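A quick write-up on the structure given underneath.
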There are 2 protein chains.
Amino acid sequence: MSDMGLTVKKSEDFSEWYTQTVLKSGLADYSSVKGCMIFREHSYAIWEKIQEIFNQKIKATGHKNVYFPLFIPESLLKKEAEHFAGFVPEVAWITHGGDTPLEEKLAVRPTSETIMYATYAKWIRSWRDLPIKLNQWCSVVRWETEATKLFLRTREFLWQEGHTAHATKEEADQEVIDILHIYKDIMENYLAIPVLAGKKTDREKFKGALYTTTLEAIMPDGKALQMGTSHQLGQNFSKVFDIKYLDQKEKEQHVWQTSWGFSTRMIGAMVMIHGDDKGLVLPPKIAPIQAVIVPIPYKEANIESITSKAKELQEKLHKAGVTTVLDNREEYTPGWKFNEWELKGIPIRIEIGPRDIKQEQVTLARRDTSQKTTVKQEEAVDAIIKLLDEIQNQMLTKAKKTLKEKTTNVKTYEEFKKTLNTKGGFIRASWCAEADCEEKIKEETGATIRLEPLEKEAVFSNCIYCGKEAKKVVYFARAY
Amino acid sequence: MSDMGLTVKKSEDFSEWYTQTVLKSGLADYSSVKGCMIFREHSYAIWEKIQEIFNQKIKATGHKNVYFPLFIPESLLKKEAEHFAGFVPEVAWITHGGDTPLEEKLAVRPTSETIMYATYAKWIRSWRDLPIKLNQWCSVVRWETEATKLFLRTREFLWQEGHTAHATKEEADQEVIDILHIYKDIMENYLAIPVLAGKKTDREKFKGALYTTTLEAIMPDGKALQMGTSHQLGQNFSKVFDIKYLDQKEKEQHVWQTSWGFSTRMIGAMVMIHGDDKGLVLPPKIAPIQAVIVPIPYKEANIESITSKAKELQEKLHKAGVTTVLDNREEYTPGWKFNEWELKGIPIRIEIGPRDIKQEQVTLARRDTSQKTTVKQEEAVDAIIKLLDEIQNQMLTKAKKTLKEKTTNVKTYEEFKKTLNTKGGFIRASWCAEADCEEKIKEETGATIRLEPLEKEAVFSNCIYCGKEAKKVVYFARAY
């Protein structure tokens with residue numbers, strides 16, 4: 001295990017640093033299937049935390065979890081033409097069951113609008129059946145042809161997808177924004193990743209949606225990452241799938257729908273934003289292990305008294321709701337253990353050595369700043385809870401500062417290109433709102449409009465591309 | 001919704017009763033994909049409960065959750081010949097990604113031994129890396145050609161699969177049995193389904209295993225249902241996949257492995273065993289909703305005082321850890337609500353009407369026995385907690401009695417056939433332990449040996465088929 005540590009610095013080779021951090025921290029691994037990854041115990045435990053938090057929030061607002069089939073018959077996937085065109089190049093197709101060719105080939109779900117809405121049409125009859133607010137946790141498959149990037153681009157990934165049906169456009173609009181706020185809460189207050197919230201342009205919206213709202217974060221290499229999207233589907237799907245209800249006046253109406261999702265790529269964003277040259281740095285609220293106790297048994301020390309103090313503290317922390325591991329493996333040295341837990345990003349390391357015993361104290365080491373402090377044993381639990389909170393807050397504050405630094409206002413296309421090619425990041429600019437300019441900018445620079453902010457911002461120049469009058473301020477970036 | 005109730009009795013047409021109960025209670029529905037079902041909110045919430053309980057138990061014993069890819073390359077699935085032969089007739093094959101034919105076709109996982117163990121070979125180097133104890137929750141696909149039965153036989157179902165690797169045979173043996181005990185605990189003490197525990201014969205064991213242990217329950221129609229299995233894989237897979245470790249003496253060894261799983265078919269068993277002519281009956285520990293409060297607003301009543309009492313009680317129950325719904329929908333009558341919650345199997349209905357208000361009491365109705373009692377408002381929470389406990393226990397006691405009644409000792413093949421064709425159930429008989437007799441019995445009667453009990457039982461006749469000396473007592477049944 002001498003190859004355990006990272007061999008590159010984050011600032012020197014970001015891409016290689018990312019891959020090494022993900023692999024060596026035990027978050028993930030490559031698999032025997034090209035383009036598909038293994039979510040190892042460390043990342044799956046993080047995903048379970050995210051599930052727990054999100055489930056609690058959506059259940060409190062009347063959503064229910066369900067599970068729809070993995071497969072979608074080709075004819076069904078084709079029903080909404082624009083949607084199908086958006087997904088078909090990336091669909092994995094089942095053609096045989098055992099030796100027998102299927103009568104109709106089946107898509108492995110790239111997303112579940114079509115399979116779910118075919119059934120919604122059967123379930124919905126009256127206004128009493130509305131709203132329907134369902135969510136599912138599952139894996140989806142999109143047959144990417146570009147190179148794999150762990151968490152960010154794999155052929156199979158894990159996500160949640162919510163699918164709701166409402167009586168009115170207003171209710172659906174509200175749902176879209178309510179979910180976006182839940183997403184933002186999770187990203188900022190749990191993952192400690194600040195995001196911009198906004199609307200996608202027509203070019204960038206979900207295929208089949210009326211409009212798409214999005215949350216976007218910026219990575220240390222200056223590229224944007226889409227963190228979650230929430231779509232107003234309007235009546236596009238309900239008309240195609242014939243999802244109608246009788247309103248309170250016995251009049252037939254098509255439902256208004258939303259769909260929304262976030263995926264395991266968030267974990268990748270968390271690695272990129274918070275990680276350092278020693279490995280992962282996990283925000284305390286998301287860390288599956290929040291503190292690790294490492295006993296330091298010097299030869300002259302009374303090992304039993306160290307172990308018993310360590311166990312006592314673990315028990316107290318457990319009762320206080322702090323997930324704590326006591327690492328008393330005998331086959332590894334304390335130094336080896338320090339490195340391993342740092343690589344895994346555990347927020348606080350608690351050291352208990354002979355001197356700590358003598359002074360009735362413990363030593364706390366913060367993962368995010370490497371700062372060490374000592375606290376009296378009887379104050380340890382309170383101090384640790386306070387420190388976890390402080391780490392969580394400081395990680396967000398730091399990331400917010402970076403987001404600000406990586407956002408640049410530009411007034412000309414020259415400035416735009418220069419910024420893009422030097423520091424990258426979000427480029428805030430005024431735009432005429434014509435698809436033509438958007439398209440040309442993308443062709444010439446690779447940058448796309450990530451979003452138009454939810455709260456309209458005042459234009460501050462003419463359109464950076466065509467020079468005509470600008471209609472709105474938007475945020476450009478190159479993106480993952 | 002006048003078609004809401006069941007139109008057949010359980011005793012008259014068990015199969016139709018089962019289908020109606022599953023569909024009308026909102027547990028599940030058919031989907032647009034032949035052979036695949038929809039796990040609706042009610043069954044998915046039950047599944048989440050089961051996940052929560054099982055996760056807690058396996059994590060406490062050092063297991064971790066992970067997620068491996070959905071796909072398995074054909075060459076990998078083929079590596080262990082017996083295993084492959086067992087699954088290949090039922091494999092769904094991916095042949096295309098978008099328009100492009102794949103170089104090698106991919107199986108949708110029917111089970112994950114091969115894809116996981118290819119990676120275990122990479123992860124395991126030294127005795128320090130052992131044991132590995134991983135579990136995953138996922139869906140699996142087996143292209144059944146027989147007719148679908150909701151929960152019991154569908155082409156896709158949800159399950160957990162555990163996969164462990166150990167240094168010695170003894171440790172792996174212990175793991176197999178530890179897991180079987182956790183399964184038994186969940187089935188009996190949560191689902192209230194009594195099970196027989198035993199070993200499969202070589203004919204019936206998992207393809208690729210050294211031996212298989214199983215838990216079997218008996219359904220009201222006399223057919224057995226396999227509820228969960230735990231396999232000792234020996235070194236079969238570790239030799240094929242070259243999973244080796246250096247022991248403490250630096251000698252190379254192959255690991256010993258286990259795999260184990262249970263699936264959503266348990267939910268089907270729960271429906272069959274506990275349901276009645278009004279619908280589902282859920283054991284309190286598994287019910288996603290344990291109690292429902294139905295206010296009964298007669299015209300003369302003070303509706304506000306009823307609602308405020310109801311809310312107060314819901315709040316108290318919530319604090320006491322009882323999941324309670326307050327059904328104050330105005331568009332439905334109390335009678336309609338009674339039927340709906342009975343159909344859904346909620347253990348306790350709490351009625352609050354004008355008389356209850358006057359007498360400072362609430363009325364409790366048990367779903368399992370239909371018994372009604374009244375309790376003083378201030379004693380309601382304690383009474384409900386006690387009643388939930390009582391229901392849970394009585395449901396198990398009743399099911400145990402049925403299991404006993406449905407188990408018959410036979411000494412001759414005539415008796416065997418007669419029992420099978422009249423009452424069905426488990427048939428306890430002595431057997432010579434020859435595969436030949438087992439095979440002939442299966443051919444002639446459709447009954448298989450479900451298990452040989454874990455604790456050897458004394459033979460009480462010669463082999464019921466060949467008449468030669470019997471070696472062991474086994475349990476036969478026709479099975480789902």
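Each chain in the structure tokens gets a letter, A, B and so on, in the order shown; residues start at 1 in every chain, and ligands are counted from 1 in the order they appear.
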I need the chain B residues near chain A as a list in words; criterion: at most 6 Å, counting only C-alpha atoms.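 My answer is Ile38, Phe39, Arg40, Glu41, Tyr44, Lys64, Asn65, Val66, Tyr67, Phe68, Pro89, Glu90, Val91, Ala92, Trp93, Ile94, His96, Gly97, Gly98 and Trp143 of chain B.
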Pull C-alpha atoms from the residues just selected and write them as a PDB file, in the first residue's frame.
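Okay, this is what ended up in part_37.pdb:
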ATOM      1  CA  ILE B  38     -44.516  -1.209 -11.631  1.00  0.00           C
ATOM      2  CA  PHE B  39     -43.716  -1.029  -7.920  1.00  0.00           C
ATOM      3  CA  ARG B  40     -46.208   1.635  -6.873  1.00  0.00           C
ATOM      4  CA  GLU B  41     -45.788   3.868  -3.852  1.00  0.00           C
ATOM      5  CA  TYR B  44     -42.074   0.666  -2.652  1.00  0.00           C
ATOM      6  CA  LYS B  64     -21.038  -2.207   3.215  1.00  0.00           C
ATOM      7  CA  ASN B  65     -23.297  -1.253   0.345  1.00  0.00           C
ATOM      8  CA  VAL B  66     -21.924  -0.720  -3.156  1.00  0.00           C
ATOM      9  CA  TYR B  67     -23.173  -0.576  -6.730  1.00  0.00           C
ATOM     10  CA  PHE B  68     -21.677  -2.581  -9.589  1.00  0.00           C
ATOM     11  CA  PRO B  89     -31.570 -19.247 -21.159  1.00  0.00           C
ATOM     12  CA  GLU B  90     -32.966 -16.267 -19.240  1.00  0.00           C
ATOM     13  CA  VAL B  91     -30.492 -13.541 -20.138  1.00  0.00           C
ATOM     14  CA  ALA B  92     -31.585 -10.278 -21.780  1.00  0.00           C
ATOM     15  CA  TRP B  93     -28.861  -9.209 -24.213  1.00  0.00           C
ATOM     16  CA  ILE B  94     -27.739  -5.735 -25.227  1.00  0.00           C
ATOM     17  CA  HIS B  96     -26.429  -2.142 -29.823  1.00  0.00           C
ATOM     18  CA  GLY B  97     -25.390   1.220 -28.373  1.00  0.00           C
ATOM     19  CA  GLY B  98     -27.304   3.769 -30.460  1.00  0.00           C
ATOM     20  CA  TRP B 143     -36.275 -13.372 -19.159  1.00  0.00           C
TER      21      TRP B 143
END
Report as a VMD selection string all protein, DNA and RNA residues lying within 10 Å of Asp276 of chain A, evaluated on only C-alpha atoms, omitting residues in the same chain fewer than 6 positions from it. chain A and resid 6 9 to 11 17 to 18 21 342 to 343 345 367 to 368
Residue selection dump (N, CA and C atoms) as a PDB file, in the first residue's frame:
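Okay, this is what ended up in again_16.pdb:
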ATOM      1  N   LEU A   6      -1.396  10.297  -3.223  1.00  0.00           N
ATOM      2  CA  LEU A   6      -1.482  10.891  -4.549  1.00  0.00           C
ATOM      3  C   LEU A   6      -0.085  11.253  -5.036  1.00  0.00           C
ATOM      4  N   LYS A   9      -0.068  16.903  -7.871  1.00  0.00           N
ATOM      5  CA  LYS A   9      -0.733  17.982  -7.151  1.00  0.00           C
ATOM      6  C   LYS A   9      -1.940  18.452  -7.940  1.00  0.00           C
ATOM      7  N   LYS A  10      -2.952  18.878  -7.192  1.00  0.00           N
ATOM      8  CA  LYS A  10      -4.184  19.364  -7.819  1.00  0.00           C
ATOM      9  C   LYS A  10      -3.894  20.521  -8.778  1.00  0.00           C
ATOM     10  N   SER A  11      -2.949  21.380  -8.386  1.00  0.00           N
ATOM     11  CA  SER A  11      -2.675  22.576  -9.192  1.00  0.00           C
ATOM     12  C   SER A  11      -1.846  22.250 -10.429  1.00  0.00           C
ATOM     13  N   TRP A  17      -4.979  14.337 -11.097  1.00  0.00           N
ATOM     14  CA  TRP A  17      -5.251  14.441  -9.653  1.00  0.00           C
ATOM     15  C   TRP A  17      -6.652  13.932  -9.333  1.00  0.00           C
ATOM     16  N   TYR A  18      -7.618  14.323 -10.160  1.00  0.00           N
ATOM     17  CA  TYR A  18      -9.008  13.908  -9.935  1.00  0.00           C
ATOM     18  C   TYR A  18      -9.141  12.381 -10.005  1.00  0.00           C
ATOM     19  N   THR A  21      -7.479  10.714  -7.054  1.00  0.00           N
ATOM     20  CA  THR A  21      -8.218  10.945  -5.809  1.00  0.00           C
ATOM     21  C   THR A  21      -9.435  10.021  -5.734  1.00  0.00           C
ATOM     22  N   GLU A 342      -7.096  10.728   5.773  1.00  0.00           N
ATOM     23  CA  GLU A 342      -7.015  12.005   5.048  1.00  0.00           C
ATOM     24  C   GLU A 342      -7.396  11.811   3.584  1.00  0.00           C
ATOM     25  N   LEU A 343      -6.889  10.752   2.996  1.00  0.00           N
ATOM     26  CA  LEU A 343      -7.224  10.424   1.607  1.00  0.00           C
ATOM     27  C   LEU A 343      -8.741  10.279   1.452  1.00  0.00           C
ATOM     28  N   GLY A 345     -10.940  11.757   3.264  1.00  0.00           N
ATOM     29  CA  GLY A 345     -11.603  13.041   3.482  1.00  0.00           C
ATOM     30  C   GLY A 345     -12.404  13.172   4.759  1.00  0.00           C
ATOM     31  N   ARG A 367      -9.523  18.136   8.851  1.00  0.00           N
ATOM     32  CA  ARG A 367      -9.104  17.724   7.513  1.00  0.00           C
ATOM     33  C   ARG A 367      -8.994  18.900   6.560  1.00  0.00           C
ATOM     34  N   ASP A 368      -9.902  19.874   6.690  1.00  0.00           N
ATOM     35  CA  ASP A 368      -9.940  20.934   5.670  1.00  0.00           C
ATOM     36  C   ASP A 368      -8.778  21.920   5.791  1.00  0.00           C
TER      37      ASP A 368
END
Taking into account only C-alpha atoms, which residue in the set B:Trp127, B:Phe262, B:Tyr117, B:Tyr211 is nearest to Ile50 of chain B?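 Nearest to Ile50 of chain B: B:Phe262.
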Please give the complete set of residues from segment 349-389 of chain A that DSSP, run on the backbone, assigns to helix (DSSP H, G or I), formatted as a short mmCIF file (atom, residue, chain, number, x, y, z; two decimals) with N, CA and C atoms, in the first residue's frame.
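Contents of part_37.cif, as written:
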data_model
loop_
_atom_site.label_atom_id
_atom_site.label_comp_id
_atom_site.auth_asym_id
_atom_site.auth_seq_id
_atom_site.Cartn_x
_atom_site.Cartn_y
_atom_site.Cartn_z
N PRO A 354 -0.36 8.94 24.73
CA PRO A 354 0.00 8.94 26.16
C PRO A 354 -0.08 10.34 26.78
N ARG A 355 0.36 11.34 26.01
CA ARG A 355 0.32 12.69 26.56
C ARG A 355 -1.12 13.17 26.75
N ASP A 356 -1.99 12.79 25.79
CA ASP A 356 -3.40 13.17 25.91
C ASP A 356 -4.02 12.54 27.15
N ILE A 357 -3.65 11.29 27.38
CA ILE A 357 -4.17 10.60 28.56
C ILE A 357 -3.73 11.33 29.83
N LYS A 358 -2.44 11.64 29.86
CA LYS A 358 -1.90 12.30 31.04
C LYS A 358 -2.59 13.64 31.30
N GLN A 377 -11.01 16.18 27.73
CA GLN A 377 -11.86 15.02 27.43
C GLN A 377 -13.34 15.30 27.69
N GLU A 378 -13.63 15.95 28.81
CA GLU A 378 -15.06 16.12 29.13
C GLU A 378 -15.75 17.12 28.21
N GLU A 379 -14.92 17.93 27.49
CA GLU A 379 -15.52 18.90 26.57
C GLU A 379 -15.45 18.44 25.12
N ALA A 380 -14.91 17.24 24.93
CA ALA A 380 -14.60 16.79 23.56
C ALA A 380 -15.84 16.72 22.67
N VAL A 381 -16.93 16.14 23.19
CA VAL A 381 -18.12 15.94 22.34
C VAL A 381 -18.65 17.28 21.84
N ASP A 382 -18.82 18.21 22.76
CA ASP A 382 -19.32 19.53 22.37
C ASP A 382 -18.38 20.21 21.38
N ALA A 383 -17.10 20.10 21.67
CA ALA A 383 -16.10 20.74 20.80
C ALA A 383 -16.15 20.15 19.39
N ILE A 384 -16.32 18.84 19.33
CA ILE A 384 -16.35 18.17 18.01
C ILE A 384 -17.60 18.57 17.22
N ILE A 385 -18.73 18.62 17.91
CA ILE A 385 -19.96 19.02 17.23
C ILE A 385 -19.83 20.45 16.70
N LYS A 386 -19.24 21.31 17.50
CA LYS A 386 -19.06 22.70 17.09
C LYS A 386 -18.08 22.78 15.91
N LEU A 387 -17.05 21.98 16.00
CA LEU A 387 -16.04 22.01 14.94
C LEU A 387 -16.61 21.50 13.62
N LEU A 388 -17.44 20.46 13.67
CA LEU A 388 -18.05 19.94 12.45
C LEU A 388 -18.86 21.04 11.77
N ASP A 389 -19.58 21.76 12.58
CA ASP A 389 -20.41 22.85 12.09
C ASP A 389 -19.55 23.93 11.45
#
